[in-house]
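Asks: Please find coords.cif (mmCIF, C-alpha atoms and all ligand atoms) on the next line:
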```cif
data_protein
#
loop_
_atom_site.label_atom_id
_atom_site.label_comp_id
_atom_site.auth_asym_id
_atom_site.auth_seq_id
_atom_site.Cartn_x
_atom_site.Cartn_y
_atom_site.Cartn_z
CA MET P 200 6.50 14.74 -1.31
CA MET P 201 4.52 12.02 0.40
CA ALA P 202 6.07 8.56 0.38
CA ALA P 203 4.64 5.48 2.06
CA ASP P 204 6.07 2.10 2.99
CA LEU P 205 3.20 -0.38 2.77
CA GLY P 206 3.62 -3.33 5.11
CA CYS P 207 6.80 -1.80 6.48
CA GLY P 208 7.13 -4.11 9.50
CA VAL P 209 10.14 -3.11 11.61
CA ASN P 210 12.32 -2.15 8.61
CA LYS P 211 10.64 0.99 7.36
CA THR P 212 12.19 2.77 4.37
CA ARG P 213 13.65 6.14 5.41
CA ASP P 214 11.52 9.26 5.13
CA THR P 215 8.28 7.37 4.52
CA VAL P 216 4.97 6.96 6.27
CA GLY P 217 4.99 3.41 7.63
CA ILE P 218 1.71 1.57 7.07
CA ASP P 219 1.24 -1.84 8.67
CA ARG P 220 -1.31 -4.13 10.31
CA PHE P 221 0.68 -4.19 13.54
CA PRO P 222 1.75 -1.18 15.67
CA LEU P 223 5.44 -2.08 15.50
CA GLU P 224 8.27 0.38 15.98
CA GLY P 225 8.36 2.77 13.01
CA VAL P 226 4.76 2.13 11.98
CA ASP P 227 2.94 5.46 11.54
CA VAL P 228 -0.56 4.28 10.64
CA VAL P 229 -2.12 0.92 11.54
CA VAL P 230 -4.26 -0.36 8.67
CA ASP P 231 -5.67 -3.77 7.74
CA LEU P 232 -4.07 -4.35 4.32
CA ASN P 233 -6.63 -7.04 3.45
CA LYS P 234 -9.58 -4.66 3.77
CA PHE P 235 -10.36 -2.37 0.85
CA PRO P 236 -10.47 0.53 0.41
CA TYR P 237 -7.48 1.58 2.48
CA PRO P 238 -8.28 4.57 4.73
CA PHE P 239 -6.53 7.29 2.70
CA ALA P 240 -7.76 9.93 0.26
CA ASP P 241 -7.42 9.49 -3.53
CA ASN P 242 -4.14 10.76 -5.05
CA SER P 243 -2.38 10.96 -1.70
CA PHE P 244 1.08 9.57 -2.44
CA ASP P 245 4.04 10.26 -4.76
CA VAL P 246 5.93 7.07 -3.92
CA PHE P 247 5.12 3.65 -2.48
CA TYR P 248 7.55 1.03 -1.27
CA LEU P 249 6.36 -2.56 -0.94
CA ASN P 250 9.20 -4.67 0.36
CA ASP P 251 8.44 -8.38 0.80
CA ILE P 252 4.76 -7.72 1.37
CA ILE P 253 2.74 -8.25 -1.81
CA GLU P 254 3.28 -12.04 -1.75
CA HIS P 255 1.59 -12.07 1.67
CA LEU P 256 -1.61 -10.34 0.49
CA PRO P 257 -4.28 -12.62 -1.02
CA ASP P 258 -5.85 -10.15 -3.49
CA THR P 259 -3.09 -8.88 -5.80
CA ILE P 260 -5.51 -7.16 -8.18
CA GLY P 261 -7.28 -5.51 -5.23
CA VAL P 262 -3.99 -4.22 -3.79
CA MET P 263 -2.85 -2.83 -7.16
CA GLU P 264 -6.21 -1.11 -7.68
CA GLU P 265 -5.98 0.48 -4.23
CA LEU P 266 -2.42 1.65 -4.93
CA TYR P 267 -3.64 3.06 -8.23
CA ARG P 268 -6.34 5.04 -6.44
CA LEU P 269 -3.90 6.34 -3.80
CA CYS P 270 -1.12 7.24 -6.26
CA LYS P 271 -0.82 10.68 -7.75
CA PRO P 272 -0.41 10.62 -11.56
CA ASN P 273 3.13 9.39 -12.41
CA ALA P 274 3.75 8.22 -8.85
CA HIS P 275 6.26 5.38 -8.56
CA ILE P 276 5.75 2.08 -6.79
CA TYR P 277 8.87 0.14 -5.86
CA ILE P 278 8.06 -3.51 -5.25
CA ARG P 279 10.52 -6.08 -3.93
CA VAL P 280 9.20 -9.61 -4.17
CA ILE P 281 10.54 -13.18 -4.08
CA ASN P 282 10.65 -14.90 -7.47
CA TRP P 283 8.19 -17.76 -8.01
CA ASN P 284 10.72 -20.59 -8.42
CA SER P 285 12.89 -19.82 -5.42
CA LYS P 286 12.45 -22.13 -2.42
CA LEU P 287 12.19 -18.97 -0.32
CA ASN P 288 8.82 -18.49 -1.97
CA ALA P 289 7.53 -21.93 -0.99
CA GLU P 290 8.93 -22.27 2.51
CA ASP P 291 7.18 -19.29 4.13
CA PRO P 292 3.69 -20.43 5.23
CA THR P 293 2.40 -16.85 5.04
CA HIS P 294 3.12 -16.50 1.30
CA VAL P 295 -0.12 -16.75 -0.63
CA LYS P 296 0.91 -15.50 -4.08
CA ALA P 297 3.73 -16.13 -6.54
CA PHE P 298 5.25 -13.57 -8.93
CA THR P 299 7.33 -13.62 -12.09
CA GLU P 300 9.06 -10.79 -13.92
CA HIS P 301 5.89 -10.47 -16.06
CA THR P 302 3.17 -10.35 -13.36
CA PHE P 303 2.80 -6.57 -13.54
CA ASP P 304 2.53 -6.67 -17.34
CA PHE P 305 -1.15 -7.47 -16.72
CA PHE P 306 -1.73 -3.81 -15.84
CA GLY P 307 -1.26 -2.40 -19.32
CA LYS P 308 1.76 -3.90 -21.10
CA TYR P 309 0.00 -7.14 -22.08
CA ALA P 310 -2.69 -5.34 -24.06
CA LEU P 311 -4.74 -8.50 -24.58
CA ARG P 312 -4.54 -9.64 -20.96
CA SER P 313 -5.07 -6.37 -19.13
CA TYR P 314 -8.86 -6.62 -18.89
CA TYR P 315 -8.90 -7.77 -15.24
CA SER P 316 -8.38 -4.27 -13.95
CA LYS P 317 -8.57 -0.66 -15.02
CA ALA P 318 -5.46 0.15 -12.96
CA ARG P 319 -2.56 1.01 -15.29
CA PHE P 320 1.13 0.84 -14.50
CA GLU P 321 4.18 1.15 -16.70
CA VAL P 322 6.88 -1.35 -15.75
CA VAL P 323 9.81 1.08 -15.83
CA SER P 324 12.29 -1.60 -14.80
CA CYS P 325 12.58 -5.04 -13.26
CA GLU P 326 15.89 -5.78 -11.61
CA TYR P 327 16.88 -9.42 -11.12
CA GLN P 328 18.34 -10.62 -7.88
CA PHE P 329 20.19 -13.88 -8.46
CA ASN P 330 21.26 -16.39 -5.84
CA ALA P 331 24.66 -15.34 -4.48
CA LYS P 332 26.28 -18.79 -4.91
CA VAL P 333 25.12 -19.14 -8.51
CA GLU P 334 26.29 -15.59 -9.21
CA LYS P 335 29.74 -16.55 -7.93
CA TYR P 336 30.16 -19.32 -10.53
CA ILE P 337 28.27 -17.97 -13.52
CA LYS P 338 29.23 -14.53 -14.73
CA ASN P 339 27.17 -14.43 -17.92
CA ARG P 340 23.93 -12.52 -17.21
CA ARG P 341 22.12 -13.89 -20.26
CA LEU P 342 22.90 -17.45 -19.21
CA MET P 343 21.76 -16.65 -15.67
CA LYS P 344 18.48 -15.29 -16.99
CA PHE P 345 17.97 -18.42 -19.10
CA LEU P 346 18.76 -20.71 -16.16
CA GLY P 347 16.49 -18.66 -13.90
CA THR P 348 13.54 -19.58 -16.07
CA TYR P 349 14.22 -23.33 -16.20
CA LEU P 350 15.94 -24.11 -12.89
CA ASN P 351 14.85 -23.48 -9.33
CA ASN P 352 16.67 -21.23 -6.86
CA VAL P 353 18.71 -19.32 -9.46
CA LEU P 354 16.58 -16.19 -9.66
CA GLU P 355 15.59 -15.34 -6.10
CA GLY P 356 14.15 -11.85 -6.14
CA LEU P 357 12.62 -9.19 -8.35
CA ASN P 358 12.80 -5.42 -7.85
CA PHE P 359 10.17 -3.53 -9.80
CA ASP P 360 9.85 0.15 -10.53
CA LEU P 361 6.27 0.82 -11.65
CA ARG P 362 4.91 4.17 -12.78
CA CYS P 363 1.27 5.00 -12.23
CA VAL P 364 -0.31 5.84 -15.59
CA LYS P 365 -3.21 8.10 -14.73
CA ASN P 366 -4.80 11.28 -16.03
CA THR P 367 -5.29 14.34 -13.92
CA THR P 368 -9.04 14.62 -13.97
CA SER P 369 -10.09 15.79 -10.53
CA PRO P 370 -9.40 19.41 -9.51
CA SER P 371 -8.30 18.18 -6.07
CA GLU P 372 -5.27 16.58 -7.72
CA HIS P 373 -3.92 20.03 -8.52
CA GLU P 374 -4.04 21.21 -4.94
CA PRO P 375 -0.64 21.91 -3.49
CA ARG P 376 0.13 19.06 -1.15
CA GLN P 377 3.55 20.17 0.13
CA ASP P 378 2.21 21.41 3.43
CA ARG P 379 -0.09 18.44 4.06
CA ASP P 380 0.81 15.77 6.54
CA ILE P 381 -0.42 12.21 6.84
CA PHE P 382 -3.21 13.24 9.22
CA SER P 383 -4.80 15.26 6.41
CA LEU P 384 -4.72 12.22 4.10
CA ILE P 385 -6.09 9.51 6.38
CA ARG P 386 -9.79 8.64 6.25
CA CYS P 387 -12.37 6.70 8.26
CA PRO P 388 -12.12 3.05 7.08
CA HIS P 389 -15.90 2.65 7.49
CA CYS P 390 -16.88 5.69 5.46
CA ILE P 391 -14.30 5.78 2.65
CA GLY P 392 -15.78 2.66 1.01
CA ASP P 393 -19.17 4.23 0.37
CA LYS P 394 -19.78 6.75 -2.43
CA GLU P 395 -22.24 8.66 -0.23
CA THR P 396 -19.85 9.10 2.68
CA LYS P 397 -16.45 9.03 0.93
CA ASP P 398 -16.12 12.81 0.76
CA ASN P 399 -17.09 13.19 4.40
CA SER P 400 -14.71 10.61 5.84
CA SER P 401 -11.85 12.78 7.04
CA LEU P 402 -10.68 12.38 10.62
CA THR P 403 -10.05 15.12 13.14
CA ILE P 404 -7.85 14.86 16.18
CA TYR P 405 -9.64 15.05 19.50
CA ASN P 406 -7.93 15.23 22.89
CA THR P 407 -4.54 14.37 21.29
CA ASP P 408 -5.12 10.61 21.33
CA TRP P 409 -8.35 10.08 19.39
CA LEU P 410 -9.44 10.58 15.79
CA LEU P 411 -13.08 11.31 15.12
CA CYS P 412 -14.86 10.62 11.83
CA SER P 413 -16.33 13.83 10.43
CA ASN P 414 -19.39 12.02 9.07
CA PRO P 415 -22.14 12.82 11.63
CA HIS P 416 -23.90 9.52 10.86
CA CYS P 417 -20.79 7.48 11.58
CA LYS P 418 -19.43 8.91 14.85
CA ARG P 419 -16.67 6.34 15.03
CA LYS P 420 -13.49 7.10 16.89
CA TYR P 421 -10.07 5.61 16.37
CA PRO P 422 -7.34 5.56 18.99
CA ILE P 423 -3.92 7.16 18.53
CA VAL P 424 -1.49 5.01 20.49
CA ASN P 425 1.97 6.53 21.03
CA GLY P 426 1.32 8.87 18.11
CA THR P 427 0.16 6.06 15.77
CA PRO P 428 -3.45 6.10 14.54
CA LEU P 429 -5.01 2.62 14.62
CA LEU P 430 -7.26 2.73 11.56
CA THR P 431 -8.71 -0.77 11.45
CA LEU P 432 -12.41 -1.52 11.49
CA LYS P 433 -11.91 -3.46 14.71
CA ASP P 434 -10.36 -0.47 16.47
CA GLY P 435 -13.03 1.89 15.17
CA ASN P 436 -16.03 -0.04 16.43
CA LYS P 437 -16.46 2.28 19.37
CA ARG P 438 -18.99 4.99 18.67
CA ILE P 439 -19.48 8.22 20.51
CA SER P 440 -22.43 10.47 20.87
CA VAL P 441 -21.10 13.85 19.82
CA GLN P 442 -22.85 16.71 21.53
CA PRO P 443 -22.66 19.83 19.36
CA GLU P 444 -21.55 21.96 22.32
CA SER P 445 -19.13 19.46 23.79
CA LEU P 446 -17.01 16.64 22.43
CA ALA P 447 -16.23 15.48 25.96
CA THR P 448 -18.65 12.55 25.97
CA ILE P 449 -16.24 10.04 24.50
CA THR P 450 -16.60 6.70 26.24
ZN ZN D 501 -16.78 7.18 9.55
#
```
Please rewrite the model in this file as structure tokens.
Ligand SMILES: [Zn+2]
Replies:
Amino acid sequence: MMAADLGCGVNKTRDTVGIDRFPLEGVDVVVDLNKFPYPFADNSFDVFYLNDIIEHLPDTIGVMEELYRLCKPNAHIYIRVINWNSKLNAEDPTHVKAFTEHTFDFFGKYALRSYYSKARFEVVSCEYQFNAKVEKYIKNRRLMKFLGTYLNNVLEGLNFDLRCVKNTTSPSEHEPRQDRDIFSLIRCPHCIGDKETKDNSSLTIYNTDWLLCSNPHCKRKYPIVNGTPLLTLKDGNKRISVQPESLATIT
């Protein structure tokens, strides 16, 4: 099973591949989360965790469409996000989006409002995280839910369980993936975005600390720093001239 923690920061979920913009401790692959597509093959992951990250990413639809592409059919995405009317949402200058318990209903449940995207997710559950002080004084959950809608700072967080609703159409989705590691799923960020080069964008390890794009017209290399591949376009701007007989001309 392949599980990923997107935007893991320094608090990566256990037994996951940590994906983040910064090479912090625990991060396994460095990726720019604002650049689409993400450098991974289609249908790569069984589980995603997004803890306190989606409110920091400007293009919510874009992120959900990328997750949809990367999810295997029936994969689960666990999203923890601050509720829209909590002051915690407003005070962080890096928050660019607000969420309610119904935001992810726009990916299928709201049949008449789900035309923005073809990505489809079933909202399996949405757990409410109420303010601890309010919870101490009010025990009635229905009243809390009511107050959370009309008063600020009552409902602080939302924990979603989303299921990826997707058909198995491509034969590659049936390949056994048990023995595959993250290095077999990562792709060249330059080449994965183009239909022509998408299928030729896998990366091979060279000299233990470089990854080379397998597209002969790309020739980009990406560094592996302390075991972590840095897969951002900025890091991959260095090109090499690959000699067929020798790969030793990396500069
Ligand atoms: Zn490439």
Asks: Which residue, P:Ile423, P:Lys433, P:Leu411, P:Cys325, has the smallest gap to ligand ZN 501 (chain D) when you use all atoms listed in the file?
Replies: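 The shortest atom-to-atom distance to ligand ZN 501 (chain D) comes from P:Leu411.
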Asks: To check your reading of the model: which residues sit at most 8 Å from ligand ZN 501 (chain D) when counting all atoms listed in the file? Write the answer as a list in words.
Replies: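 Protein and nucleic-acid residues within 8 Å of ligand ZN 501 (chain D): Arg386, Cys387, Pro388, His389, Cys390, Ile391, Thr396, Asn399, Ser400, Ser401, Leu411, Cys412, Ser413, Asn414, His416, Cys417, Lys418 and Arg419 of chain P.
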Asks: I'd like the neighbourhood of Asp258 (chain P) as number ranges by chain, where a residue qualifies if any of its atoms comes within 9 Å (using all atoms listed in the file), though same-chain residues fewer than 4 positions away should be ignored.
Replies: P: 233, 253, 262-263, 296
Asks: In Å, rounded to a single decimal, give me how far CA of Leu357 (chain P) is from CA of Glu326 (chain P).
Replies: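 Between CA of Glu326 (chain P) and CA of Leu357 (chain P) the gap works out to 5.7 Å.
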Asks: Return the single residue from P:Asp251, P:Asn352, P:Glu264, P:Ile281 that is closest to Lys332 (chain P), with distances computed using only C-alpha atoms.
Replies: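 Using only C-alpha atoms, Lys332 (chain P) sits closest to P:Asn352.
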Asks: Would you mind telling me which residue in P:Glu395, P:Glu300, P:Glu265, P:Asp241 lies nearest to Leu205 (chain P) when using all atoms listed in the file?
Replies: P:Glu265
Asks: From the set P:Ser285, P:Tyr315, P:Ala297, P:Ala240, which residue has the shortest atom-to-atom contact distance to Asn330 (chain P), counting only C-alpha atoms?
Replies: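 Nearest to Asn330 (chain P): P:Ser285.
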Asks: Could you tell me how far CA of Arg319 (chain P) sits from CA of Phe306 (chain P), in Å to one decimal place?
Replies: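 Spanning CA of Phe306 (chain P) to CA of Arg319 (chain P) is a straight-line distance of 4.9 Å.
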Asks: Rounded to one decimal, what separation in Å do you get between CA of Lys234 (chain P) and CA of Gly426 (chain P)?
Replies: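 Taking CA of Lys234 (chain P) as the start and CA of Gly426 (chain P) as the end point, the length is 22.5 Å.
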Asks: Can you pull out the residues contacting Ala274 (chain P)? Cut-off 7 Å, using all atoms listed in the file, and skip same-chain residues under 6 positions away; I want them as a VMD selection string.
Replies: chain P and resid 245 to 246 362 to 363
Asks: Which residues, protein or nucleic acid, reach to within 9 Å of (10.3, 0.4, 2.9) in the file's coordinates when using all atoms listed in the file, and can you give that as JSON, numbers by chain?
Replies: {"P": [203, 204, 205, 206, 207, 208, 210, 211, 212, 213, 215, 217, 247, 248, 249, 250, 277]}
Asks: Could you build a table of the residues in region 307-403 of chain P lying no more than 10 Å from region 227-232 of chain P, giving for each the nearest pair of atoms and their separation in Å rounded to one decimal place, using all atoms listed in the file, ordered by chain and ascending residue number, as JSON lines?
Replies:
```
{"residue": "P:Ile381", "atom": "CA", "partner": "P:Val228", "partner_atom": "CA", "distance": 8.8}
{"residue": "P:Phe382", "atom": "CA", "partner": "P:Val228", "partner_atom": "CA", "distance": 9.5}
{"residue": "P:Ile385", "atom": "CA", "partner": "P:Val228", "partner_atom": "CA", "distance": 8.7}
{"residue": "P:Pro388", "atom": "CA", "partner": "P:Val230", "partner_atom": "CA", "distance": 8.7}
```
